[in-house]
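To start, the structure itself, in structure tokens.
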Amino acid sequence: MIDGKKIYFYRIKKGLTQKAACEGICSVSYLSKIENNSITASPEILQLLCERLDIETSYVSEEFIEQLKKEIFDWYQDIKYRNSEDAHRKFKEFQTQISQLNDLGLVNLFKIFSVRYYIYIDEYDKAKELLKQLSKVKKMYTTEMEFYIFQFTAHYEYLMDNYKTALYYYKKAYLLANKLNILDPDMIYQIASISSRLGYFSQALYYAKTALEAFNAEANYSKSLDCHITLGIAYSRLTDFEAAKSHYLIALNAATFNPALKIMIPNILHNMGHSYYQAEQYDEAISVLKESFQKKKGKNTAGTICLIAYNFYKKNKIKETNQWIKKGYKATNEGINPTYIRLKTLEFKLLQQEQTEEYQQFIEEKAVPYLENKQDRLHLIEIYEELAIYYSNKFSYKNANHYYEKLNQLYKESL
């Protein structure tokens, strides 16, 4: 079927202006109305435009189109649930089939799900290029197509560590999902997780609760457990430590009695320990964190080690703090990352060097650029405040105000 959207698509594909595409065939205003589907072109004009734009007019049955569309959606499920063999095979088959069709809807649908496929196989440059191509024909999107484009753009941006951008597109996808009556708990959980990462904890609560309800209905215990952890983190950051503890205990009980979920116990214990730390229950925190550290068996231990060191520091246990800082450096290999920054900052405090130029240079020249690039809002709030205090103590009020302004801006973003 040849409609206005197809005419528009092939005109853009050939790089022609409306004037160049319709010269000698019809007026520009007439072509514009055709492309907007506000009029139906005469068969003669339609044929001439198809010849000008190299559009094949061969007939393909609606039944075939609908069946192929269903198969493309089935392919998406293979990608989503990591059925690698089927995902790879079907991609190659669709490439051949789609190249022989001129149905614009199918062509774009295949391209949209190909974005998700390229992300799945870590071909991020190809995913980015395809998103760029699709942006040129957004006039032709259906609401359903737009939903998936927003979702996959968000997924791509998340993997590129562009969390604010990812959250923006996930929210746009969420609004369209409601309009289309699509319930996608994985996407809703992702919004909750990113909101928590960025420090939007009240927002994280809302989306995590929504996702939890959906996962419970599906009896998806692993994902439900993820939601309980996110809820625990959010409640803890909002200083509702009892609510946080209740969610961590639910997660811990579920993981303890389900062999398939036991792998998540160290992470649950780590977050529970962090909650105890925030509640200034340092002995409880150290006990739980040490258990997490032991169960991790040397894997991904840096963050837990760092948190143990901070708890000992709060208890004024200098020797133990120093011991755990050294363990932390070994676990991070002293590469620049959030944990290394926290360890280095703690070491300055332990040595009472927070007012030295060495401290100021490390924070401003290494920590701040890294954290700003990573959009680590929570850590930046701590760092900006410390720099503001540092400059205030030095009577450098202009610099102090600079960081107080940055701090203010971060707080405004979370309102």
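Residue numbers start at 1 in each chain; chains themselves are named A, B, ... in the order of the structure tokens; ligands are numbered from 1 in the order shown.
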Which of stretch 118-345 of chain A DSSP labels alpha helix (DSSP H), written as a ChimeraX atom specification:
/A:118-120,124-135,143-159,163-180,185-198,201-218,221-237,241-257,265-278,282-296,302-314,318-332,338-345
Residues within 10 Å of A:Phe73, only C-alpha atoms, excluding chain neighbours under 6 positions, as a list in words:
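The contact residues come out as Ile79, Leu109, Phe110 and Phe113 of chain A.
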Next, the residues of the selection above should be written as a PDB file, in the first residue's frame with N, CA and C atoms.
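So selection-v2.pdb came out as:
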ATOM      1  N   ILE A  79      15.269 -11.306  22.138  1.00  0.00           N
ATOM      2  CA  ILE A  79      16.341 -10.373  22.527  1.00  0.00           C
ATOM      3  C   ILE A  79      16.209 -10.029  24.003  1.00  0.00           C
ATOM      4  N   LEU A 109       9.790  -0.663  11.879  1.00  0.00           N
ATOM      5  CA  LEU A 109       9.657  -1.530  13.056  1.00  0.00           C
ATOM      6  C   LEU A 109      10.896  -2.410  13.207  1.00  0.00           C
ATOM      7  N   PHE A 110      11.350  -2.954  12.082  1.00  0.00           N
ATOM      8  CA  PHE A 110      12.558  -3.785  12.132  1.00  0.00           C
ATOM      9  C   PHE A 110      13.766  -2.970  12.566  1.00  0.00           C
ATOM     10  N   PHE A 113      13.615  -2.334  16.449  1.00  0.00           N
ATOM     11  CA  PHE A 113      14.015  -3.484  17.261  1.00  0.00           C
ATOM     12  C   PHE A 113      15.464  -3.885  16.997  1.00  0.00           C
TER      13      PHE A 113
END
Go ahead and compute the interatomic distance for atom CA of A:Gly4 and atom CA of A:Glu63, in Å to one decimal.
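Between atom CA of A:Gly4 and atom CA of A:Glu63 the gap works out to 21.6 Å.
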With a distance cut-off of 12 Å and only C-alpha atoms, select the neighbouring residues of stretch 123-126 of chain A, excluding the residue or stretch itself and same-chain residues fewer than 2 positions from it, and output the selection as a PyMOL selection string.
chain A and resi 111-112+114-121+128-133+152-153+155-160
For the atom pair atom CA of A:Gln18 and atom CA of A:Ser32, what is the interatomic distance in Å to one decimal place?
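Taking atom CA of A:Gln18 and atom CA of A:Ser32, their separation equals 7.5 Å.
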Which polymer residues have any atom within 9 Å of an atom of stretch 244-261 of chain A, counting only C-alpha atoms, with same-chain residues fewer than 5 positions away left out, as a list in words?
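Those residues are Tyr221, Ser222, Ser224, Leu225, Asp226, Cys227, His228, Ile229, Thr230, Leu231, Gly232, Ile233, Ala234, Tyr235, Ser236, Arg237, Thr239, Ile268, Leu269, Asn271, Met272, Ser275 and Tyr276 of chain A.
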Within 12 Å of A:Glu71 using only C-alpha atoms, minus same-chain residues under 4 positions, as a list in words:
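Listing them by chain and then by number gives Phe64, Ile65, Glu66, Gln67, Trp75, Tyr76, Gln77, Asp78, Asp86, Ala87, Lys90, Phe91, Glu93, Phe94, Gln97, Leu106, Leu109, Phe110 and Phe113 of chain A.
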With only C-alpha atoms as the counted atoms, please give the residues lying no more than 10 Å from A:Lys19, apart from itself and same-chain residues fewer than 5 positions off, as a PyMOL selection string.
chain A and resi 24+26-29+31-32
Could you please take those selected residues and save N, CA and C atoms as a short mmCIF file (atom, residue, chain, number, x, y, z; two decimals), in the first residue's frame?
data_model
loop_
_atom_site.label_atom_id
_atom_site.label_comp_id
_atom_site.auth_asym_id
_atom_site.auth_seq_id
_atom_site.Cartn_x
_atom_site.Cartn_y
_atom_site.Cartn_z
N GLY A 24 7.29 18.82 -12.39
CA GLY A 24 6.75 18.22 -13.60
C GLY A 24 5.64 17.22 -13.33
N CYS A 26 3.35 17.49 -10.01
CA CYS A 26 2.27 18.19 -9.31
C CYS A 26 2.87 19.39 -8.58
N SER A 27 2.04 20.16 -7.94
CA SER A 27 2.54 21.32 -7.19
C SER A 27 3.13 20.88 -5.85
N VAL A 28 3.95 21.76 -5.27
CA VAL A 28 4.54 21.47 -3.95
C VAL A 28 3.45 21.35 -2.90
N SER A 29 2.45 22.22 -2.97
CA SER A 29 1.36 22.19 -1.97
C SER A 29 0.57 20.88 -2.08
N LEU A 31 1.81 17.97 -3.17
CA LEU A 31 2.66 16.92 -2.61
C LEU A 31 2.63 16.97 -1.08
N SER A 32 2.65 18.18 -0.54
CA SER A 32 2.62 18.33 0.91
C SER A 32 1.37 17.71 1.49
#
For A:Glu291, work out the shell of residues within 9 Å, counting only C-alpha atoms and skipping chain neighbours fewer than 3 positions away, then give it as a ChimeraX atom specification.
/A:266,269-270,286-288,294-296
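The interatomic distance for the pair atom CA of A:Leu212 and atom CA of A:Ile188 works out to 9.3 Å.
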Pick out the closest residue to A:Asp283 from this set: A:Lys314, A:Gly199, A:Ser135, A:Asn83. Count only C-alpha atoms.
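Once distances to A:Asp283 are computed over only C-alpha atoms, the minimum belongs to A:Lys314.
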